[in-house]
Amino acid sequence: MLPHPFSYHRPESLDEAFELFDRYDGDATFYAGGTELLLALKARVLRYGHLIDLKRIPGLSSVREEGEHVVIGALSSHYRLSTDPVVRRHLPAYAALSDNVANIRVRVSGTIGGNLCFAEPHADPPALLAAMGASVVLQSGEAYRQIAVGEFIESEFTTARADREIMTEIRVPRPPADAKFVFKSFGHLERPAVSVAAGYCPSEQGERFRLWVGAIAERPLRLVDVERALDEAGSAELEDVLETAAARAAEELPALSDLHGGADYKRALAQTFICRAVRELIMRERP
């Protein structure tokens, strides 16, 4: 099926992009990589008379270090992030995730900003970015605001972004030298049925573990009870605590049955990958 006819605009500045959006208010949307949006337009789930392509706007695809953060332009492609030296040095787990997103076509053309803004529940990046403490920057004219990734995605295909706002960058705190992150996922349709992002920061006081699960519900979920149980456990009892806490957390997850699997199947996967992710973090600490 072909999409409804639309006009295509290629502004060269944010001001021009906002001017176009205001001119066609109610019938325009911003366009990044298009890997998600074009599918929705072809299926006629969405309909717009005007697409405003942001790719010519300078600075939206840069990656840089800024103080204690790695700052990623929202139009950076997954492929760019899998090979960028700054990302590979400071966020190696995210570089590895980017190298396994969907397929090579999506990795080359799809962008991190478009992925987050579309909020498809089975996307790879949100859970790991949330575990890393990342936030997104949204701009509307001269106004800016910053929102944690874990709060930005509100539900299936729904985010905190207003229609006129453009995501300009993702800010990821540079992890401590002893911090480690892993991302585990399983799926059979180029999207994960379940994903688990885990982090371990030995130098942190009290809150060393970070655990988020993705793809299982309408938005990424933080496993606070598992984090607390692991933080309070001694090294000798960590394995037993992990098994018990993972089983309890998986049982309570609001899993959705869909073409990626039934709810009980996803809960079982979540339990397995919570344990695998944490064990990998722990093993990295052992000689």
# chains A, B, ... in the order shown; residues from 1 in each chain; ligands from 1
$ residues_around --residues "Leu91 in chain A" --least-positions-apart "4" --cutoff "12 Å" --atoms "only C-alpha atoms" --output "MDAnalysis selection string"
chainID A and resid 65 69:72 81:87 95:98 128:129 131:132 134 171:177 179:183 199
$ residues_around --residues "Gly33 in chain A" --least-positions-apart "4" --cutoff "8 Å" --atoms "only C-alpha atoms" --output "ChimeraX atom specification"
/A:75,77,109-111,114
$ write_last_selection --atoms "N, CA and C atoms" --output "PDB file, in the first residue's frame"
ATOM      1  N   LEU A  75      20.047  13.001  15.356  1.00  0.00           N
ATOM      2  CA  LEU A  75      20.014  12.417  14.014  1.00  0.00           C
ATOM      3  C   LEU A  75      21.195  11.492  13.739  1.00  0.00           C
ATOM      4  N   SER A  77      22.907   8.155  13.249  1.00  0.00           N
ATOM      5  CA  SER A  77      22.387   6.847  12.871  1.00  0.00           C
ATOM      6  C   SER A  77      22.896   5.768  13.812  1.00  0.00           C
ATOM      7  N   SER A 109      20.208   4.014   8.052  1.00  0.00           N
ATOM      8  CA  SER A 109      19.295   5.140   7.873  1.00  0.00           C
ATOM      9  C   SER A 109      18.540   5.532   9.138  1.00  0.00           C
ATOM     10  N   GLY A 110      18.304   4.589  10.036  1.00  0.00           N
ATOM     11  CA  GLY A 110      17.557   4.894  11.248  1.00  0.00           C
ATOM     12  C   GLY A 110      18.374   5.712  12.227  1.00  0.00           C
ATOM     13  N   THR A 111      17.705   6.605  12.955  1.00  0.00           N
ATOM     14  CA  THR A 111      18.391   7.494  13.888  1.00  0.00           C
ATOM     15  C   THR A 111      17.959   7.217  15.326  1.00  0.00           C
ATOM     16  N   GLY A 114      14.868   9.452  16.140  1.00  0.00           N
ATOM     17  CA  GLY A 114      13.641   8.937  15.558  1.00  0.00           C
ATOM     18  C   GLY A 114      13.150   7.699  16.281  1.00  0.00           C
TER      19      GLY A 114
END
$ closest_residue --among "A:Val101, A:Val108, A:Ile282, A:Ile166" --to "Val136 in chain A" --atoms "only C-alpha atoms"
A:Ile166
$ select_by_dssp --residues "range 3-240 of chain A" --states "strand (DSSP E)" --output "number ranges by chain"
A: 7-9, 28-31, 50-53, 63-66, 69-73, 135-140, 143-148, 153-155, 158-159, 166-173, 180-186, 194-200, 209-214, 221-222
$ select_by_dssp --residues "range 34-254 of chain A" --states "helix (DSSP H, G or I)" --output "PyMOL selection string"
chain A and resi 37-42+78-83+85-90+92-98+104-109+112-118+125-131+149-152+224-232+235-252
$ write_last_selection --atoms "C-alpha atoms" --output "mmCIF file, in the first residue's frame"
data_model
loop_
_atom_site.group_PDB
_atom_site.id
_atom_site.type_symbol
_atom_site.label_atom_id
_atom_site.label_comp_id
_atom_site.auth_asym_id
_atom_site.auth_seq_id
_atom_site.Cartn_x
_atom_site.Cartn_y
_atom_site.Cartn_z
ATOM 1 C CA LEU A 37 7.425 6.706 10.073
ATOM 2 C CA LEU A 38 7.385 5.530 6.454
ATOM 3 C CA LEU A 39 6.029 2.123 7.465
ATOM 4 C CA ALA A 40 3.191 3.813 9.350
ATOM 5 C CA LEU A 41 2.472 6.118 6.404
ATOM 6 C CA LYS A 42 2.439 3.212 3.941
ATOM 7 C CA HIS A 78 22.640 3.519 14.663
ATOM 8 C CA TYR A 79 25.563 2.623 12.403
ATOM 9 C CA ARG A 80 27.357 5.874 13.281
ATOM 10 C CA LEU A 81 26.966 5.127 16.993
ATOM 11 C CA SER A 82 28.236 1.578 16.597
ATOM 12 C CA THR A 83 31.505 2.871 15.108
ATOM 13 C CA PRO A 85 35.223 6.362 18.800
ATOM 14 C CA VAL A 86 33.704 8.455 21.624
ATOM 15 C CA VAL A 87 30.780 6.063 22.023
ATOM 16 C CA ARG A 88 32.990 3.003 21.781
ATOM 17 C CA ARG A 89 35.367 4.372 24.422
ATOM 18 C CA HIS A 90 32.868 5.606 27.005
ATOM 19 C CA PRO A 92 30.863 0.315 24.725
ATOM 20 C CA ALA A 93 27.638 -1.483 25.661
ATOM 21 C CA TYR A 94 25.642 1.050 23.679
ATOM 22 C CA ALA A 95 27.985 0.754 20.690
ATOM 23 C CA ALA A 96 27.418 -3.013 20.759
ATOM 24 C CA LEU A 97 23.643 -2.523 20.963
ATOM 25 C CA SER A 98 23.724 -0.168 17.952
ATOM 26 C CA ILE A 104 21.921 -3.071 8.067
ATOM 27 C CA ARG A 105 19.402 -0.890 6.188
ATOM 28 C CA VAL A 106 17.830 0.268 9.434
ATOM 29 C CA ARG A 107 21.216 0.767 11.101
ATOM 30 C CA VAL A 108 22.428 3.011 8.274
ATOM 31 C CA SER A 109 19.295 5.140 7.873
ATOM 32 C CA ILE A 112 18.507 7.347 17.670
ATOM 33 C CA GLY A 113 16.201 10.368 17.942
ATOM 34 C CA GLY A 114 13.641 8.937 15.558
ATOM 35 C CA ASN A 115 13.743 5.636 17.418
ATOM 36 C CA LEU A 116 13.034 7.295 20.760
ATOM 37 C CA CYS A 117 10.370 9.659 19.432
ATOM 38 C CA PHE A 118 8.428 6.900 17.675
ATOM 39 C CA PRO A 125 17.804 1.627 22.710
ATOM 40 C CA PRO A 126 15.368 2.902 25.398
ATOM 41 C CA ALA A 127 16.039 0.363 28.174
ATOM 42 C CA LEU A 128 19.832 0.680 28.012
ATOM 43 C CA LEU A 129 19.734 4.475 27.739
ATOM 44 C CA ALA A 130 17.428 4.565 30.770
ATOM 45 C CA ALA A 131 19.804 2.331 32.726
ATOM 46 C CA VAL A 149 14.736 8.728 28.906
ATOM 47 C CA GLY A 150 12.956 6.599 31.513
ATOM 48 C CA GLU A 151 10.241 9.279 31.754
ATOM 49 C CA PHE A 152 10.238 10.425 28.126
ATOM 50 C CA VAL A 224 13.635 -1.206 41.571
ATOM 51 C CA ASP A 225 12.982 -4.164 43.888
ATOM 52 C CA VAL A 226 15.643 -6.282 42.169
ATOM 53 C CA GLU A 227 18.140 -3.411 42.332
ATOM 54 C CA ARG A 228 17.483 -2.958 46.049
ATOM 55 C CA ALA A 229 17.761 -6.663 46.803
ATOM 56 C CA LEU A 230 21.093 -6.918 44.995
ATOM 57 C CA ASP A 231 22.462 -3.759 46.606
ATOM 58 C CA GLU A 232 21.628 -5.087 50.063
ATOM 59 C CA SER A 235 28.720 -11.148 47.882
ATOM 60 C CA ALA A 236 28.302 -14.673 49.295
ATOM 61 C CA GLU A 237 24.514 -14.613 49.037
ATOM 62 C CA LEU A 238 24.222 -12.605 45.825
ATOM 63 C CA GLU A 239 23.447 -15.613 43.619
ATOM 64 C CA ASP A 240 20.544 -16.831 45.765
ATOM 65 C CA VAL A 241 19.164 -13.301 46.117
ATOM 66 C CA LEU A 242 19.379 -12.814 42.353
ATOM 67 C CA GLU A 243 17.374 -15.960 41.570
ATOM 68 C CA THR A 244 14.636 -15.099 44.063
ATOM 69 C CA ALA A 245 14.393 -11.406 43.167
ATOM 70 C CA ALA A 246 14.392 -12.071 39.405
ATOM 71 C CA ALA A 247 11.631 -14.675 39.710
ATOM 72 C CA ARG A 248 9.479 -12.367 41.833
ATOM 73 C CA ALA A 249 9.996 -9.385 39.534
ATOM 74 C CA ALA A 250 9.262 -11.365 36.363
ATOM 75 C CA GLU A 251 6.034 -12.728 37.827
ATOM 76 C CA GLU A 252 4.789 -9.178 38.454
#
$ atom_distance --atom1 "CA of Glu169 in chain A" --atom2 "CA of Leu54 in chain A"
12.9 Å
$ atom_distance --atom1 "CA of Leu2 in chain A" --atom2 "CA of Leu46 in chain A"
11.9 Å
$ closest_residue --among "A:Ser155, A:Ser7, A:Gln205, A:Thr272" --to "His122 in chain A" --atoms "only C-alpha atoms"
A:Ser155
$ residues_around --residues "range 253-267 of chain A" --least-positions-apart "3" --cutoff "6 Å" --atoms "only C-alpha atoms" --output "VMD selection string"
chain A and resid 193 216 to 217 250 270
$ closest_residue --among "A:Ser135, A:Asn103, A:Ser62, A:Ser140" --to "Asp163 in chain A" --atoms "only C-alpha atoms"
A:Ser140
$ atom_distance --atom1 "CA of Glu218 in chain A" --atom2 "CA of Glu120 in chain A"
8.3 Å
$ closest_residue --among "A:Leu189, A:Tyr144, A:Asp124, A:Ile170" --to "Gly214 in chain A" --atoms "only C-alpha atoms"
A:Asp124
$ residues_around --residues "range 10-26 of chain A" --least-positions-apart "5" --cutoff "10 Å" --atoms "only C-alpha atoms" --output "PDB file with N, CA and C atoms, in the first residue's frame"
ATOM      1  N   TYR A  31      10.633  14.700  10.378  1.00  0.00           N
ATOM      2  CA  TYR A  31      11.079  13.449   9.762  1.00  0.00           C
ATOM      3  C   TYR A  31      12.574  13.301  10.011  1.00  0.00           C
ATOM      4  N   TYR A  48      -0.078  12.531   6.934  1.00  0.00           N
ATOM      5  CA  TYR A  48       0.347  13.925   6.998  1.00  0.00           C
ATOM      6  C   TYR A  48       0.455  14.469   5.584  1.00  0.00           C
ATOM      7  N   GLY A  49       0.144  15.730   5.431  1.00  0.00           N
ATOM      8  CA  GLY A  49       0.285  16.378   4.133  1.00  0.00           C
ATOM      9  C   GLY A  49       1.672  16.925   3.887  1.00  0.00           C
ATOM     10  N   HIS A  50       2.475  17.047   4.981  1.00  0.00           N
ATOM     11  CA  HIS A  50       3.798  17.639   4.859  1.00  0.00           C
ATOM     12  C   HIS A  50       4.781  16.919   5.784  1.00  0.00           C
ATOM     13  N   LEU A  51       5.910  16.474   5.217  1.00  0.00           N
ATOM     14  CA  LEU A  51       7.003  15.902   6.002  1.00  0.00           C
ATOM     15  C   LEU A  51       8.159  16.893   6.003  1.00  0.00           C
ATOM     16  N   ILE A  52       8.677  17.186   7.206  1.00  0.00           N
ATOM     17  CA  ILE A  52       9.762  18.148   7.356  1.00  0.00           C
ATOM     18  C   ILE A  52      11.021  17.375   7.722  1.00  0.00           C
ATOM     19  N   ASP A  53      11.879  17.157   6.734  1.00  0.00           N
ATOM     20  CA  ASP A  53      13.104  16.371   6.902  1.00  0.00           C
ATOM     21  C   ASP A  53      14.155  17.227   7.621  1.00  0.00           C
ATOM     22  N   LEU A  54      14.685  16.710   8.721  1.00  0.00           N
ATOM     23  CA  LEU A  54      15.618  17.462   9.558  1.00  0.00           C
ATOM     24  C   LEU A  54      17.085  17.192   9.245  1.00  0.00           C
ATOM     25  N   LYS A  55      17.356  16.319   8.298  1.00  0.00           N
ATOM     26  CA  LYS A  55      18.733  15.823   8.139  1.00  0.00           C
ATOM     27  C   LYS A  55      19.724  16.870   7.637  1.00  0.00           C
ATOM     28  N   ARG A  56      19.261  17.968   7.044  1.00  0.00           N
ATOM     29  CA  ARG A  56      20.186  18.995   6.557  1.00  0.00           C
ATOM     30  C   ARG A  56      20.555  20.021   7.636  1.00  0.00           C
ATOM     31  N   ILE A  57      19.931  19.933   8.785  1.00  0.00           N
ATOM     32  CA  ILE A  57      20.178  20.919   9.835  1.00  0.00           C
ATOM     33  C   ILE A  57      21.519  20.614  10.503  1.00  0.00           C
ATOM     34  N   PRO A  58      22.441  21.570  10.527  1.00  0.00           N
ATOM     35  CA  PRO A  58      23.780  21.310  11.076  1.00  0.00           C
ATOM     36  C   PRO A  58      23.732  20.970  12.569  1.00  0.00           C
ATOM     37  N   GLY A  59      24.625  20.059  12.960  1.00  0.00           N
ATOM     38  CA  GLY A  59      24.830  19.778  14.371  1.00  0.00           C
ATOM     39  C   GLY A  59      23.966  18.694  14.970  1.00  0.00           C
ATOM     40  N   LEU A  60      22.945  18.250  14.262  1.00  0.00           N
ATOM     41  CA  LEU A  60      22.026  17.277  14.853  1.00  0.00           C
ATOM     42  C   LEU A  60      22.525  15.843  14.739  1.00  0.00           C
ATOM     43  N   GLN A 139      13.614  20.908  21.925  1.00  0.00           N
ATOM     44  CA  GLN A 139      13.647  22.338  21.641  1.00  0.00           C
ATOM     45  C   GLN A 139      12.397  22.737  20.872  1.00  0.00           C
ATOM     46  N   SER A 140      11.835  23.884  21.241  1.00  0.00           N
ATOM     47  CA  SER A 140      10.713  24.487  20.536  1.00  0.00           C
ATOM     48  C   SER A 140      10.989  25.973  20.460  1.00  0.00           C
ATOM     49  N   GLY A 141      11.439  26.451  19.303  1.00  0.00           N
ATOM     50  CA  GLY A 141      11.856  27.839  19.209  1.00  0.00           C
ATOM     51  C   GLY A 141      13.063  28.070  20.096  1.00  0.00           C
ATOM     52  N   GLU A 142      12.977  29.041  20.983  1.00  0.00           N
ATOM     53  CA  GLU A 142      14.065  29.345  21.895  1.00  0.00           C
ATOM     54  C   GLU A 142      13.976  28.564  23.204  1.00  0.00           C
ATOM     55  N   ASP A 163       4.080  18.198  19.866  1.00  0.00           N
ATOM     56  CA  ASP A 163       4.157  18.103  18.408  1.00  0.00           C
ATOM     57  C   ASP A 163       5.161  19.086  17.814  1.00  0.00           C
ATOM     58  N   ARG A 164       5.281  20.276  18.383  1.00  0.00           N
ATOM     59  CA  ARG A 164       6.146  21.304  17.810  1.00  0.00           C
ATOM     60  C   ARG A 164       7.596  21.158  18.282  1.00  0.00           C
ATOM     61  N   GLU A 165       7.866  20.275  19.210  1.00  0.00           N
ATOM     62  CA  GLU A 165       9.211  20.127  19.737  1.00  0.00           C
ATOM     63  C   GLU A 165      10.058  19.210  18.848  1.00  0.00           C
ATOM     64  N   ILE A 166      11.334  19.538  18.768  1.00  0.00           N
ATOM     65  CA  ILE A 166      12.315  18.716  18.069  1.00  0.00           C
ATOM     66  C   ILE A 166      13.321  18.206  19.094  1.00  0.00           C
ATOM     67  N   THR A 168      16.800  17.403  19.949  1.00  0.00           N
ATOM     68  CA  THR A 168      18.070  17.816  19.354  1.00  0.00           C
ATOM     69  C   THR A 168      19.245  16.949  19.778  1.00  0.00           C
TER      70      THR A 168
END
